[in-house]
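Asks: I am attaching a structure below and will ask some questions about it afterwards.
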Amino acid sequence: MNVNIIHKEVQAYIKLHLNDDITKLLLQGKCINNVNSKALVEQIEAKRKSKSKLPTWFNTKGIYFPNKVNIEQTSSEITAEYKSELISGNQIIDITGGFGIDCHYFSKRFSKVIHCEINSELSQIVAHNSELLETHNIDTIHTNGIEYLKFSTDIFDWIYIDPSRRHDEKGKVFFLQDCLPNVPDNLDLLFSKTDQIMIKTAPLLDISIGLKELKHVESIHIISVKNEVKELLWILKKRYDDVVNIHAINLNQNFKEKNKFTFDLNEEQESKPTFSKPLSYLYEPNVAIYKAGAFKLVSSKLRVDKLHSNSHLYTSKQLITFPGRRFKIDKVIRYNKKLIKKESLKKANITVRNFPETVQQIRNKTGIKEGGQNYLFFTTNLTDEKIVVFCSKVD
């Protein structure tokens, strides 16, 4: 950690050139207080990436930023706050501390937080920033979190883990057993130090594979922000051996829960959906529900009909509250290029569900540009006919 970076003159330069061209700044070769142009640019790039993702850090004077890769890999404040609201207690240990965003929010719910980070510079950065943010109950320790647990005599209320998806030999990986640390192989050690574990994984991890790799999974939270899945949270409870609960969450940008769909895996397997032609309203589930695979249950639990077993679009006569987008159906036509051109649409928002062509292929055929107030769903109905559903958005 270059302490000169937090010097007043250096911080003023970073703020002044925050929106400047990075290449030009590098070519200028500026050096301020023994901070070279490369280090200055690294701070600028990382701070830029923090503006919407980490507004508290972005707006706090004197924050020291790690490289932009650390910013890309860290939790956002939105998801960190959500995680912190699920757990509380006296003491929690984060054995893969990183930039410390999750620990900052855990500090609001626990008396003591231990932040273990194997990278010494990153550990120093978190300690510095914690002082600025006045989170005085976080202990930053430069160590391998697994090794720390092996020699610790403490029993923790919770252990938190965000395993790295980059393996030294295999590159980017998608199985928990290939991540660092290897959580499946260390579960016995972890449960010897706590009864409760929270694991954050990338959204690409297949839920069924994760369930095979782990044991004692009590629940899984699929967290999306503005309809983009950001992470999966796995809650493990010692000796838990019952049905797994799934929480499909979509959060808005104001840190508030927008909608939530909760179920257990048995419910989805036992559900029997109903089917119908398009009625008055059309519904498209949010991406968290798509990731959860709760397609039959959405129909039976919310009492809406599916258009087709594989389309995952729903319809009803009366408008309902729905975990996703809602539309008023204006008309339905058979998929035919001439019929679509008769509508004289210059612009429309196009979605394909269970349809043989891509959005771009449809735009090339029809000449319809992106945008406007019209929404077109190209899909398949219950009689396997290709159709176009013309809609206007309800909310």
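So you can find residues: chains in the structure tokens are A, B, ... in the order shown, residues in each start at 1, and ligands are numbered from 1 in order.
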What's around region 121-133 of chain A at 10 Å? Count only C-alpha atoms, leave out sequence neighbours fewer than 2 positions away in its own chain, and write the answer as a ChimeraX atom specification.

Replies: /A:1-3,6,56-57,60-67,70,97-101,103-104,115-119,135-143

Asks: With a distance cut-off of 9 Å and only C-alpha atoms, select the neighbouring residues of Ile289 (chain A), excluding the residue or stretch itself and same-chain residues fewer than 4 positions from it, and output the selection as a PyMOL selection string.

Replies: chain A and resi 222+247-249+261+285+293-295+298+323-324

Asks: Would you mind telling me which residue in A:Leu190, A:Leu236, A:Ile329, A:Leu376 lies nearest to His216 (chain A) when using only C-alpha atoms?

Replies: A:Leu236

Asks: List the neighbours of region 80-92 of chain A out to 8 Å using only C-alpha atoms; skip same-chain residues closer than 6 positions along the sequence, and give me the result as a PDB file with all heavy atoms, in the first residue's frame.

Replies:
ATOM      1  N   ILE A 101     -16.468  -4.927   1.621  1.00  0.00           N
ATOM      2  CA  ILE A 101     -17.804  -4.331   1.541  1.00  0.00           C
ATOM      3  C   ILE A 101     -18.796  -5.107   2.402  1.00  0.00           C
ATOM      4  O   ILE A 101     -19.570  -4.529   3.169  1.00  0.00           O
ATOM      5  CB  ILE A 101     -18.300  -4.277   0.083  1.00  0.00           C
ATOM      6  CG1 ILE A 101     -17.259  -3.637  -0.827  1.00  0.00           C
ATOM      7  CG2 ILE A 101     -19.634  -3.543   0.007  1.00  0.00           C
ATOM      8  CD1 ILE A 101     -16.827  -2.250  -0.424  1.00  0.00           C
ATOM      9  N   ASP A 102     -18.752  -6.434   2.294  1.00  0.00           N
ATOM     10  CA  ASP A 102     -19.665  -7.254   3.102  1.00  0.00           C
ATOM     11  C   ASP A 102     -19.375  -7.071   4.591  1.00  0.00           C
ATOM     12  O   ASP A 102     -20.302  -6.948   5.402  1.00  0.00           O
ATOM     13  CB  ASP A 102     -19.549  -8.725   2.712  1.00  0.00           C
ATOM     14  CG  ASP A 102     -20.112  -9.004   1.326  1.00  0.00           C
ATOM     15  OD1 ASP A 102     -21.227  -8.533   1.039  1.00  0.00           O
ATOM     16  OD2 ASP A 102     -19.437  -9.672   0.529  1.00  0.00           O
ATOM     17  N   TYR A 105     -20.935  -3.972   6.134  1.00  0.00           N
ATOM     18  CA  TYR A 105     -22.360  -4.094   6.458  1.00  0.00           C
ATOM     19  C   TYR A 105     -22.606  -5.101   7.577  1.00  0.00           C
ATOM     20  O   TYR A 105     -23.530  -4.930   8.382  1.00  0.00           O
ATOM     21  CB  TYR A 105     -23.163  -4.426   5.192  1.00  0.00           C
ATOM     22  CG  TYR A 105     -23.438  -3.174   4.389  1.00  0.00           C
ATOM     23  CD1 TYR A 105     -22.548  -2.750   3.411  1.00  0.00           C
ATOM     24  CD2 TYR A 105     -24.543  -2.377   4.672  1.00  0.00           C
ATOM     25  CE1 TYR A 105     -22.773  -1.568   2.710  1.00  0.00           C
ATOM     26  CE2 TYR A 105     -24.772  -1.204   3.990  1.00  0.00           C
ATOM     27  CZ  TYR A 105     -23.883  -0.807   3.012  1.00  0.00           C
ATOM     28  OH  TYR A 105     -24.106   0.369   2.341  1.00  0.00           O
ATOM     29  N   PHE A 106     -21.779  -6.145   7.659  1.00  0.00           N
ATOM     30  CA  PHE A 106     -21.890  -7.066   8.797  1.00  0.00           C
ATOM     31  C   PHE A 106     -21.609  -6.343  10.110  1.00  0.00           C
ATOM     32  O   PHE A 106     -22.169  -6.690  11.153  1.00  0.00           O
ATOM     33  CB  PHE A 106     -20.912  -8.241   8.643  1.00  0.00           C
ATOM     34  CG  PHE A 106     -21.230  -9.182   7.517  1.00  0.00           C
ATOM     35  CD1 PHE A 106     -20.203  -9.877   6.865  1.00  0.00           C
ATOM     36  CD2 PHE A 106     -22.539  -9.401   7.115  1.00  0.00           C
ATOM     37  CE1 PHE A 106     -20.481 -10.757   5.834  1.00  0.00           C
ATOM     38  CE2 PHE A 106     -22.833 -10.271   6.077  1.00  0.00           C
ATOM     39  CZ  PHE A 106     -21.801 -10.947   5.434  1.00  0.00           C
ATOM     40  N   LYS A 108     -22.589  -3.687  11.154  1.00  0.00           N
ATOM     41  CA  LYS A 108     -23.798  -3.036  11.677  1.00  0.00           C
ATOM     42  C   LYS A 108     -24.695  -4.033  12.411  1.00  0.00           C
ATOM     43  O   LYS A 108     -25.617  -3.632  13.129  1.00  0.00           O
ATOM     44  CB  LYS A 108     -24.585  -2.387  10.525  1.00  0.00           C
ATOM     45  CG  LYS A 108     -23.804  -1.357   9.733  1.00  0.00           C
ATOM     46  CD  LYS A 108     -24.601  -0.892   8.513  1.00  0.00           C
ATOM     47  CE  LYS A 108     -23.793   0.022   7.603  1.00  0.00           C
ATOM     48  NZ  LYS A 108     -23.455   1.310   8.228  1.00  0.00           N
ATOM     49  N   ARG A 109     -24.426  -5.333  12.221  1.00  0.00           N
ATOM     50  CA  ARG A 109     -25.294  -6.380  12.780  1.00  0.00           C
ATOM     51  C   ARG A 109     -24.579  -7.295  13.776  1.00  0.00           C
ATOM     52  O   ARG A 109     -25.213  -8.124  14.418  1.00  0.00           O
ATOM     53  CB  ARG A 109     -25.845  -7.238  11.633  1.00  0.00           C
ATOM     54  CG  ARG A 109     -26.516  -6.466  10.511  1.00  0.00           C
ATOM     55  CD  ARG A 109     -27.929  -6.115  10.810  1.00  0.00           C
ATOM     56  NE  ARG A 109     -28.740  -7.316  10.835  1.00  0.00           N
ATOM     57  CZ  ARG A 109     -30.059  -7.329  11.097  1.00  0.00           C
ATOM     58  NH1 ARG A 109     -30.663  -6.193  11.385  1.00  0.00           N
ATOM     59  NH2 ARG A 109     -30.742  -8.445  11.105  1.00  0.00           N
ATOM     60  N   PHE A 110     -23.243  -7.145  13.868  1.00  0.00           N
ATOM     61  CA  PHE A 110     -22.459  -7.983  14.776  1.00  0.00           C
ATOM     62  C   PHE A 110     -21.594  -7.101  15.669  1.00  0.00           C
ATOM     63  O   PHE A 110     -21.162  -6.016  15.274  1.00  0.00           O
ATOM     64  CB  PHE A 110     -21.557  -8.941  13.982  1.00  0.00           C
ATOM     65  CG  PHE A 110     -22.293 -10.046  13.280  1.00  0.00           C
ATOM     66  CD1 PHE A 110     -22.893  -9.823  12.051  1.00  0.00           C
ATOM     67  CD2 PHE A 110     -22.393 -11.301  13.858  1.00  0.00           C
ATOM     68  CE1 PHE A 110     -23.582 -10.839  11.396  1.00  0.00           C
ATOM     69  CE2 PHE A 110     -23.080 -12.322  13.222  1.00  0.00           C
ATOM     70  CZ  PHE A 110     -23.675 -12.099  11.990  1.00  0.00           C
ATOM     71  N   SER A 111     -21.303  -7.590  16.863  1.00  0.00           N
ATOM     72  CA  SER A 111     -20.424  -6.851  17.780  1.00  0.00           C
ATOM     73  C   SER A 111     -18.983  -6.846  17.281  1.00  0.00           C
ATOM     74  O   SER A 111     -18.267  -5.857  17.441  1.00  0.00           O
ATOM     75  CB  SER A 111     -20.478  -7.470  19.183  1.00  0.00           C
ATOM     76  OG  SER A 111     -21.792  -7.453  19.681  1.00  0.00           O
ATOM     77  N   LYS A 112     -18.570  -7.971  16.664  1.00  0.00           N
ATOM     78  CA  LYS A 112     -17.199  -8.078  16.173  1.00  0.00           C
ATOM     79  C   LYS A 112     -17.171  -8.789  14.827  1.00  0.00           C
ATOM     80  O   LYS A 112     -17.843  -9.794  14.623  1.00  0.00           O
ATOM     81  CB  LYS A 112     -16.335  -8.849  17.182  1.00  0.00           C
ATOM     82  CG  LYS A 112     -14.862  -8.955  16.796  1.00  0.00           C
ATOM     83  CD  LYS A 112     -14.066  -9.707  17.858  1.00  0.00           C
ATOM     84  CE  LYS A 112     -12.594  -9.798  17.476  1.00  0.00           C
ATOM     85  NZ  LYS A 112     -11.807 -10.539  18.488  1.00  0.00           N
ATOM     86  N   VAL A 113     -16.363  -8.219  13.921  1.00  0.00           N
ATOM     87  CA  VAL A 113     -16.187  -8.796  12.587  1.00  0.00           C
ATOM     88  C   VAL A 113     -14.700  -9.042  12.364  1.00  0.00           C
ATOM     89  O   VAL A 113     -13.884  -8.144  12.577  1.00  0.00           O
ATOM     90  CB  VAL A 113     -16.723  -7.851  11.489  1.00  0.00           C
ATOM     91  CG1 VAL A 113     -16.499  -8.459  10.107  1.00  0.00           C
ATOM     92  CG2 VAL A 113     -18.203  -7.537  11.713  1.00  0.00           C
ATOM     93  N   ILE A 114     -14.346 -10.258  11.944  1.00  0.00           N
ATOM     94  CA  ILE A 114     -12.960 -10.568  11.608  1.00  0.00           C
ATOM     95  C   ILE A 114     -12.853 -10.693  10.090  1.00  0.00           C
ATOM     96  O   ILE A 114     -13.563 -11.488   9.467  1.00  0.00           O
ATOM     97  CB  ILE A 114     -12.481 -11.857  12.291  1.00  0.00           C
ATOM     98  CG1 ILE A 114     -12.496 -11.677  13.816  1.00  0.00           C
ATOM     99  CG2 ILE A 114     -11.082 -12.238  11.818  1.00  0.00           C
ATOM    100  CD1 ILE A 114     -12.095 -12.918  14.582  1.00  0.00           C
ATOM    101  N   PHE A 156     -17.731 -19.158  16.220  1.00  0.00           N
ATOM    102  CA  PHE A 156     -18.346 -17.980  15.618  1.00  0.00           C
ATOM    103  C   PHE A 156     -19.852 -18.184  15.421  1.00  0.00           C
ATOM    104  O   PHE A 156     -20.317 -19.305  15.194  1.00  0.00           O
ATOM    105  CB  PHE A 156     -17.689 -17.684  14.270  1.00  0.00           C
ATOM    106  CG  PHE A 156     -16.214 -17.437  14.374  1.00  0.00           C
ATOM    107  CD1 PHE A 156     -15.307 -18.479  14.218  1.00  0.00           C
ATOM    108  CD2 PHE A 156     -15.725 -16.164  14.643  1.00  0.00           C
ATOM    109  CE1 PHE A 156     -13.940 -18.257  14.325  1.00  0.00           C
ATOM    110  CE2 PHE A 156     -14.359 -15.927  14.751  1.00  0.00           C
ATOM    111  CZ  PHE A 156     -13.469 -16.981  14.594  1.00  0.00           C
ATOM    112  N   ASP A 157     -20.577 -17.077  15.495  1.00  0.00           N
ATOM    113  CA  ASP A 157     -22.015 -17.146  15.194  1.00  0.00           C
ATOM    114  C   ASP A 157     -22.237 -17.469  13.719  1.00  0.00           C
ATOM    115  O   ASP A 157     -23.149 -18.207  13.376  1.00  0.00           O
ATOM    116  CB  ASP A 157     -22.695 -15.821  15.544  1.00  0.00           C
ATOM    117  CG  ASP A 157     -22.649 -15.527  17.027  1.00  0.00           C
ATOM    118  OD1 ASP A 157     -23.294 -16.274  17.783  1.00  0.00           O
ATOM    119  OD2 ASP A 157     -21.958 -14.574  17.436  1.00  0.00           O
ATOM    120  N   TRP A 158     -21.391 -16.874  12.875  1.00  0.00           N
ATOM    121  CA  TRP A 158     -21.478 -17.122  11.433  1.00  0.00           C
ATOM    122  C   TRP A 158     -20.076 -17.132  10.832  1.00  0.00           C
ATOM    123  O   TRP A 158     -19.190 -16.427  11.292  1.00  0.00           O
ATOM    124  CB  TRP A 158     -22.283 -16.027  10.726  1.00  0.00           C
ATOM    125  CG  TRP A 158     -23.767 -16.138  10.911  1.00  0.00           C
ATOM    126  CD1 TRP A 158     -24.511 -15.618  11.938  1.00  0.00           C
ATOM    127  CD2 TRP A 158     -24.694 -16.790  10.036  1.00  0.00           C
ATOM    128  NE1 TRP A 158     -25.834 -15.914  11.760  1.00  0.00           N
ATOM    129  CE2 TRP A 158     -25.986 -16.627  10.596  1.00  0.00           C
ATOM    130  CE3 TRP A 158     -24.565 -17.488   8.829  1.00  0.00           C
ATOM    131  CZ2 TRP A 158     -27.127 -17.142  10.003  1.00  0.00           C
ATOM    132  CZ3 TRP A 158     -25.709 -18.003   8.223  1.00  0.00           C
ATOM    133  CH2 TRP A 158     -26.962 -17.832   8.809  1.00  0.00           C
ATOM    134  N   ILE A 159     -19.912 -17.932   9.776  1.00  0.00           N
ATOM    135  CA  ILE A 159     -18.740 -17.845   8.907  1.00  0.00           C
ATOM    136  C   ILE A 159     -19.236 -17.445   7.524  1.00  0.00           C
ATOM    137  O   ILE A 159     -20.209 -18.020   7.013  1.00  0.00           O
ATOM    138  CB  ILE A 159     -17.985 -19.191   8.827  1.00  0.00           C
ATOM    139  CG1 ILE A 159     -17.333 -19.516  10.178  1.00  0.00           C
ATOM    140  CG2 ILE A 159     -16.927 -19.151   7.721  1.00  0.00           C
ATOM    141  CD1 ILE A 159     -16.639 -20.864  10.205  1.00  0.00           C
ATOM    142  N   TYR A 160     -18.584 -16.457   6.948  1.00  0.00           N
ATOM    143  CA  TYR A 160     -18.948 -15.987   5.602  1.00  0.00           C
ATOM    144  C   TYR A 160     -17.805 -16.283   4.640  1.00  0.00           C
ATOM    145  O   TYR A 160     -16.636 -16.085   4.966  1.00  0.00           O
ATOM    146  CB  TYR A 160     -19.237 -14.489   5.620  1.00  0.00           C
ATOM    147  CG  TYR A 160     -19.519 -13.918   4.238  1.00  0.00           C
ATOM    148  CD1 TYR A 160     -20.702 -14.220   3.564  1.00  0.00           C
ATOM    149  CD2 TYR A 160     -18.590 -13.089   3.603  1.00  0.00           C
ATOM    150  CE1 TYR A 160     -20.955 -13.711   2.295  1.00  0.00           C
ATOM    151  CE2 TYR A 160     -18.835 -12.568   2.337  1.00  0.00           C
ATOM    152  CZ  TYR A 160     -20.023 -12.882   1.694  1.00  0.00           C
ATOM    153  OH  TYR A 160     -20.275 -12.377   0.436  1.00  0.00           O
ATOM    154  N   PHE A 255     -31.838   0.325  -2.692  1.00  0.00           N
ATOM    155  CA  PHE A 255     -31.548  -0.561  -1.560  1.00  0.00           C
ATOM    156  C   PHE A 255     -32.808  -1.186  -0.951  1.00  0.00           C
ATOM    157  O   PHE A 255     -32.765  -1.713   0.140  1.00  0.00           O
ATOM    158  CB  PHE A 255     -30.787   0.190  -0.449  1.00  0.00           C
ATOM    159  CG  PHE A 255     -29.446   0.701  -0.884  1.00  0.00           C
ATOM    160  CD1 PHE A 255     -29.325   1.886  -1.568  1.00  0.00           C
ATOM    161  CD2 PHE A 255     -28.301  -0.025  -0.597  1.00  0.00           C
ATOM    162  CE1 PHE A 255     -28.093   2.352  -1.975  1.00  0.00           C
ATOM    163  CE2 PHE A 255     -27.054   0.445  -0.994  1.00  0.00           C
ATOM    164  CZ  PHE A 255     -26.953   1.636  -1.687  1.00  0.00           C
TER     165      PHE A 255
END

Asks: Let's see if you can do this: from backbone DSSP, list all strand (DSSP E) residues in region 121-227 of chain A, as number ranges by chain.

Replies: A: 138-142, 158-161, 166-167, 171-172, 196-201, 217-225

Asks: A:Glu228, A:Asp154, A:Asp195, A:Asp305: which is nearest Tyr290 (chain A), counting only C-alpha atoms?

Replies: A:Glu228

Asks: Applying 12 Å and only C-alpha atoms, which residues near Ser271 (chain A) remain after dropping the ones on its own chain fewer than 3 positions away? List them as a PyMOL selection string.

Replies: chain A and resi 263-268+274+294-303

Asks: Include N, CA, C and O atoms and write out the residues we just selected as a compact mmCIF listing (two decimals), in the first residue's frame.

Replies:
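Generated file (part-v1.txt):
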# COMPACT_ATOMS: atom_id res chain seq x y z
N PHE A 263 -40.18 -20.22 -2.22
CA PHE A 263 -40.78 -21.55 -2.34
C PHE A 263 -39.75 -22.58 -1.89
O PHE A 263 -38.59 -22.25 -1.62
N ASP A 264 -40.17 -23.83 -1.80
CA ASP A 264 -39.20 -24.89 -1.55
C ASP A 264 -39.14 -25.81 -2.78
O ASP A 264 -40.06 -25.81 -3.61
N LEU A 265 -38.06 -26.54 -2.89
CA LEU A 265 -37.83 -27.33 -4.09
C LEU A 265 -38.92 -28.37 -4.32
O LEU A 265 -39.26 -28.69 -5.47
N ASN A 266 -39.49 -28.90 -3.26
CA ASN A 266 -40.55 -29.89 -3.41
C ASN A 266 -41.80 -29.28 -4.05
O ASN A 266 -42.49 -29.93 -4.83
N GLU A 267 -42.08 -28.00 -3.70
CA GLU A 267 -43.27 -27.34 -4.26
C GLU A 267 -43.20 -27.27 -5.78
O GLU A 267 -44.18 -27.53 -6.47
N GLU A 268 -42.05 -26.90 -6.31
CA GLU A 268 -41.90 -26.79 -7.77
C GLU A 268 -42.08 -28.16 -8.43
O GLU A 268 -42.76 -28.28 -9.45
N THR A 274 -51.38 -24.48 -15.12
CA THR A 274 -52.52 -24.43 -16.03
C THR A 274 -52.09 -23.68 -17.29
O THR A 274 -51.12 -22.91 -17.28
N ALA A 294 -38.57 -21.83 -11.22
CA ALA A 294 -39.88 -22.06 -10.58
C ALA A 294 -41.02 -21.83 -11.57
O ALA A 294 -41.98 -21.11 -11.28
N PHE A 295 -40.97 -22.42 -12.73
CA PHE A 295 -41.91 -22.09 -13.79
C PHE A 295 -43.30 -22.69 -13.59
O PHE A 295 -44.31 -22.05 -13.91
N LYS A 296 -43.35 -23.90 -13.06
CA LYS A 296 -44.67 -24.50 -12.81
C LYS A 296 -45.33 -23.83 -11.60
O LYS A 296 -46.54 -23.57 -11.61
N LEU A 297 -44.54 -23.55 -10.58
CA LEU A 297 -45.08 -22.99 -9.35
C LEU A 297 -45.63 -21.58 -9.54
O LEU A 297 -46.61 -21.20 -8.91
N VAL A 298 -45.00 -20.79 -10.40
CA VAL A 298 -45.50 -19.44 -10.68
C VAL A 298 -46.96 -19.52 -11.15
O VAL A 298 -47.81 -18.74 -10.75
N SER A 299 -47.23 -20.49 -12.00
CA SER A 299 -48.59 -20.67 -12.50
C SER A 299 -49.55 -21.09 -11.39
O SER A 299 -50.59 -20.45 -11.19
N SER A 300 -49.22 -22.13 -10.66
CA SER A 300 -50.15 -22.66 -9.65
C SER A 300 -50.28 -21.75 -8.43
O SER A 300 -51.37 -21.59 -7.87
N LYS A 301 -49.17 -21.14 -8.00
CA LYS A 301 -49.20 -20.32 -6.80
C LYS A 301 -49.85 -18.96 -7.03
O LYS A 301 -50.58 -18.45 -6.17
N LEU A 302 -49.60 -18.36 -8.19
CA LEU A 302 -50.14 -17.03 -8.49
C LEU A 302 -51.43 -17.09 -9.30
O LEU A 302 -52.02 -16.06 -9.61
N ARG A 303 -51.81 -18.29 -9.68
CA ARG A 303 -53.05 -18.51 -10.44
C ARG A 303 -53.06 -17.75 -11.76
O ARG A 303 -53.98 -17.00 -12.09

Asks: What is the CA of Ile387 (chain A)-CA of Leu339 (chain A) distance in Å, reported with one decimal?

Replies: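 Between CA of Ile387 (chain A) and CA of Leu339 (chain A) the gap is 11.0 Å.
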
Asks: Between CA of Ser309 (chain A) and CA of Leu382 (chain A), what distance in Å does the model show, to one decimal?

Replies: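 Interatomic distance, CA of Ser309 (chain A) to CA of Leu382 (chain A): 7.5 Å.
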
Asks: I'd like to know which of A:Gln269, A:Ser219, A:Gln196, A:Gln177 is closest to Lys238 (chain A), using only C-alpha atoms.

Replies: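 Looking only at the distances to Lys238 (chain A), the closest residue turns out to be A:Gln196.
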
Asks: Residues of region 65-140 of chain A classed as helix (DSSP H, G or I) by DSSP on the backbone are to be reported as a VMD selection string.

Replies: chain A and resid 68 to 73 77 to 84 101 to 106 120 to 132

Asks: With N, CA and C atoms retained, export the selected residues as a tab-separated table (two decimals), in the first residue's frame.

Replies:
chain	number	residue	atom	x	y	z
A	68	LYS	N	-8.90	-2.23	-10.23
A	68	LYS	CA	-10.29	-2.30	-10.71
A	68	LYS	C	-10.84	-3.73	-10.71
A	69	VAL	N	-9.96	-4.75	-10.80
A	69	VAL	CA	-10.42	-6.14	-10.76
A	69	VAL	C	-11.06	-6.45	-9.41
A	70	ASN	N	-10.44	-5.96	-8.33
A	70	ASN	CA	-11.03	-6.14	-7.00
A	70	ASN	C	-12.40	-5.48	-6.90
A	71	ILE	N	-12.55	-4.32	-7.53
A	71	ILE	CA	-13.83	-3.62	-7.51
A	71	ILE	C	-14.87	-4.42	-8.28
A	72	GLU	N	-14.47	-4.98	-9.41
A	72	GLU	CA	-15.39	-5.78	-10.22
A	72	GLU	C	-15.86	-7.02	-9.46
A	73	GLN	N	-14.98	-7.61	-8.67
A	73	GLN	CA	-15.29	-8.87	-7.99
A	73	GLN	C	-16.02	-8.69	-6.66
A	77	GLU	N	-22.93	-2.48	-2.73
A	77	GLU	CA	-23.54	-2.10	-1.45
A	77	GLU	C	-24.96	-2.64	-1.35
A	78	ILE	N	-25.66	-2.70	-2.47
A	78	ILE	CA	-27.05	-3.18	-2.46
A	78	ILE	C	-27.10	-4.63	-1.99
A	79	THR	N	-26.25	-5.48	-2.57
A	79	THR	CA	-26.29	-6.89	-2.20
A	79	THR	C	-25.68	-7.12	-0.82
A	80	ALA	N	-24.67	-6.31	-0.45
A	80	ALA	CA	-24.07	-6.45	0.88
A	80	ALA	C	-25.08	-6.11	1.97
A	81	GLU	N	-25.84	-5.06	1.74
A	81	GLU	CA	-26.86	-4.70	2.73
A	81	GLU	C	-27.91	-5.79	2.85
A	82	TYR	N	-28.32	-6.37	1.72
A	82	TYR	CA	-29.30	-7.46	1.76
A	82	TYR	C	-28.77	-8.62	2.58
A	83	LYS	N	-27.51	-9.00	2.34
A	83	LYS	CA	-26.92	-10.10	3.09
A	83	LYS	C	-26.93	-9.83	4.59
A	84	SER	N	-26.55	-8.60	4.95
A	84	SER	CA	-26.44	-8.26	6.37
A	84	SER	C	-27.77	-8.34	7.09
A	101	ILE	N	-16.47	-4.93	1.62
A	101	ILE	CA	-17.80	-4.33	1.54
A	101	ILE	C	-18.80	-5.11	2.40
A	102	ASP	N	-18.75	-6.43	2.29
A	102	ASP	CA	-19.66	-7.25	3.10
A	102	ASP	C	-19.37	-7.07	4.59
A	103	CYS	N	-18.10	-7.04	4.96
A	103	CYS	CA	-17.73	-6.86	6.37
A	103	CYS	C	-18.25	-5.53	6.92
A	104	HIS	N	-18.18	-4.50	6.10
A	104	HIS	CA	-18.68	-3.18	6.53
A	104	HIS	C	-20.15	-3.28	6.94
A	105	TYR	N	-20.93	-3.97	6.13
A	105	TYR	CA	-22.36	-4.09	6.46
A	105	TYR	C	-22.61	-5.10	7.58
A	106	PHE	N	-21.78	-6.14	7.66
A	106	PHE	CA	-21.89	-7.07	8.80
A	106	PHE	C	-21.61	-6.34	10.11
A	120	SER	N	-1.72	-8.97	1.46
A	120	SER	CA	-1.35	-8.04	2.52
A	120	SER	C	-1.73	-6.60	2.19
A	121	GLU	N	-1.53	-6.19	0.94
A	121	GLU	CA	-1.87	-4.81	0.56
A	121	GLU	C	-3.37	-4.56	0.69
A	122	LEU	N	-4.17	-5.52	0.23
A	122	LEU	CA	-5.61	-5.37	0.31
A	122	LEU	C	-6.07	-5.33	1.77
A	123	SER	N	-5.43	-6.11	2.62
A	123	SER	CA	-5.75	-6.10	4.05
A	123	SER	C	-5.46	-4.72	4.65
A	124	GLN	N	-4.33	-4.11	4.27
A	124	GLN	CA	-3.99	-2.77	4.75
A	124	GLN	C	-4.98	-1.73	4.24
A	125	ILE	N	-5.39	-1.88	2.98
A	125	ILE	CA	-6.35	-0.94	2.39
A	125	ILE	C	-7.67	-0.97	3.16
A	126	VAL	N	-8.15	-2.17	3.47
A	126	VAL	CA	-9.41	-2.31	4.20
A	126	VAL	C	-9.31	-1.70	5.59
A	127	ALA	N	-8.16	-1.91	6.24
A	127	ALA	CA	-7.96	-1.33	7.58
A	127	ALA	C	-8.00	0.20	7.51
A	128	HIS	N	-7.33	0.77	6.51
A	128	HIS	CA	-7.33	2.23	6.33
A	128	HIS	C	-8.74	2.75	6.08
A	129	ASN	N	-9.46	2.11	5.15
A	129	ASN	CA	-10.80	2.58	4.80
A	129	ASN	C	-11.79	2.42	5.95
A	130	SER	N	-11.61	1.37	6.74
A	130	SER	CA	-12.50	1.15	7.88
A	130	SER	C	-12.40	2.28	8.89
A	131	GLU	N	-11.20	2.81	9.06
A	131	GLU	CA	-11.02	3.96	9.95
A	131	GLU	C	-11.77	5.18	9.42
A	132	LEU	N	-11.64	5.42	8.13
A	132	LEU	CA	-12.34	6.56	7.52
A	132	LEU	C	-13.85	6.41	7.62

Asks: If we count only C-alpha atoms and set the cut-off at 7 Å, which residues sit around Ala348 (chain A), ignoring sequence neighbours fewer than 3 positions away in its own chain? Please answer as a CSV table (one decimal) with C-alpha atoms, in the first residue's frame.

Replies:
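Final output, saved to part12.csv:
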chain,number,residue,atom,x,y,z
A,368,ILE,CA,-38.4,-2.8,-36.7
A,369,LYS,CA,-35.9,-0.7,-34.8
A,370,GLU,CA,-35.3,-0.9,-31.0
A,371,GLY,CA,-37.3,1.4,-28.6
A,372,GLY,CA,-40.6,3.0,-28.4
A,373,GLN,CA,-43.7,2.3,-26.3
A,374,ASN,CA,-44.7,-1.0,-28.0
A,375,TYR,CA,-43.7,-4.4,-26.7
A,376,LEU,CA,-43.7,-7.5,-28.9
